[in-house]
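Participant: Take a look at the following structure, please.
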Amino acid sequence: MSAPVLHLMICGAGPAGHIDRMVKLAQADGWDVWCVATPAAVDHFLDLAALEDLSGHPVRTGHQRAGQPGLPKATAVVVAPATYNTINKWAAGIADTYVLTQLAELTGLGLPIAVLPFVNTALANNRPFLRSVEELRASGVTVLFGEGGFEPHPPRTGGQAMDSYPWQSALDAVRRA
């Protein structure tokens, strides 16, 4: 029996620099992890070669080129860290990056999707963000925001939140689904 496939969508926020924690947790839980990263994650946070070594697969950073193998069919999806930008665009139906295009399609397929935001309290208090969280939840997406999930930090203190970022909660959510 082959391992279930987890698509790990990585956005450009501080915890992306520690994405190895999520990959190792998922692998220990029996998942075959395939990473897909936004341009901001690639430009500012990820070591693609190290992530490819760890996951055992190439990191997808853009649309598939002719002859390039596609991603395997996902059993579940985790979006972590999920940025303010990605959450708002996804909820609004904007698909202007490969990650957002994939999320739009995977949401429409009804796959288990867990979103682990990384936003500060100022961004989290914006009405558009709160509406987007509710829109995604209404679409069947598990958004781990608030009690039992990610608790926002004060502006300019994100670096202090790295060790307490609740990676495991995202895996628990897709396992339950």
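By convention in this document, the chains of the structure tokens carry letters A, B, ... by their order, each chain's residues are numbered from 1, and ligands are numbered from 1 in the order they are shown.
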So that I can check the surroundings of His63 (chain A), please list as a list in words every protein, DNA and RNA residue that reaches within 10 Å of it, counting only C-alpha atoms and ignoring chain neighbours fewer than 5 positions away.

Facilitator: Gln68, Gly70, Thr97, Tyr98, Val99, Thr101 and Gln102 of chain A

Participant: Could you produce a table of the residues of region 46-151 of chain A lying within 10 Å of region 30-37 of chain A, with the nearest pair of atoms per residue and their separation in Å rounded to one decimal, using only C-alpha atoms, ordered by chain and increasing residue number, as CSV?

Facilitator:
residue,atom,partner,partner_atom,distance
A:Leu46,CA,A:Ala37,CA,8.7
A:Leu48,CA,A:Ala37,CA,9.5
A:Leu51,CA,A:Cys35,CA,8.2
A:Glu52,CA,A:Cys35,CA,8.4
A:Leu54,CA,A:Val33,CA,9.4
A:Ser55,CA,A:Val33,CA,5.9
A:Gly56,CA,A:Val33,CA,8.2
A:His57,CA,A:Trp34,CA,6.4
A:Pro58,CA,A:Cys35,CA,7.6
A:Val59,CA,A:Cys35,CA,5.1
A:Arg60,CA,A:Val36,CA,4.6
A:Thr61,CA,A:Ala37,CA,5.2
A:Gly62,CA,A:Ala37,CA,8.1
A:Leu71,CA,A:Trp34,CA,7.6
A:Pro72,CA,A:Trp34,CA,8.3
A:Ala74,CA,A:Trp34,CA,8.9
A:Thr75,CA,A:Trp31,CA,9.3
A:Ala76,CA,A:Trp31,CA,9.6
A:Val77,CA,A:Trp34,CA,9.7
A:Val78,CA,A:Cys35,CA,9.8
A:Val79,CA,A:Val36,CA,9.5
A:Ala80,CA,A:Ala37,CA,10.0
A:Thr97,CA,A:Ala37,CA,9.6
A:Tyr98,CA,A:Ala37,CA,8.3
A:Val99,CA,A:Val36,CA,6.7
A:Gln102,CA,A:Val36,CA,9.2

Participant: I want to know what sits within 12 Å of region 147-158 of chain A, based on only C-alpha atoms, with residues of the same chain fewer than 3 positions away left out; could you give that as a ChimeraX atom specification?

Facilitator: /A:13-15,80-84,114-125,142-144,161-173

Participant: Taking the chain letters and numbering used in this document, name the residues of region 21-153 of chain A that DSSP puts in strand (DSSP E), as a ChimeraX atom specification.

Facilitator: /A:32-37,76-82,113-117,142-143

Participant: I need the residues in region 62-104 of chain A that are helix (DSSP H, G or I) according to DSSP; give them as a PyMOL selection string.

Facilitator: chain A and resi 84-92+98-104

Participant: Using only C-alpha atoms, which of the listed residues (A:His44, A:Gln64, A:Lys73, A:Ala138) sits closest to Leu109 (chain A)?

Facilitator: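 Closest candidate: A:Lys73.
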
Participant: Nearest to Gly140 (chain A) among A:Gly110, A:Pro4, A:Trp90, A:Leu100, with distances taken over only C-alpha atoms: which residue is it?

Facilitator: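 Between A:Gly110, A:Pro4, A:Trp90, A:Leu100, the residue approaching Gly140 (chain A) most closely is A:Gly110.
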
Participant: Using CA of Leu136 (chain A) and CA of Ala91 (chain A) as the two end points, give the distance in Å to one decimal.

Facilitator: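 Result for CA of Leu136 (chain A) versus CA of Ala91 (chain A): 5.7 Å, one decimal.
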
Participant: Looking at only C-alpha atoms, which of A:Ala3, A:Met9, A:Val141, A:Leu106 is the one that sits closest to Asp29 (chain A)?

Facilitator: A:Ala3
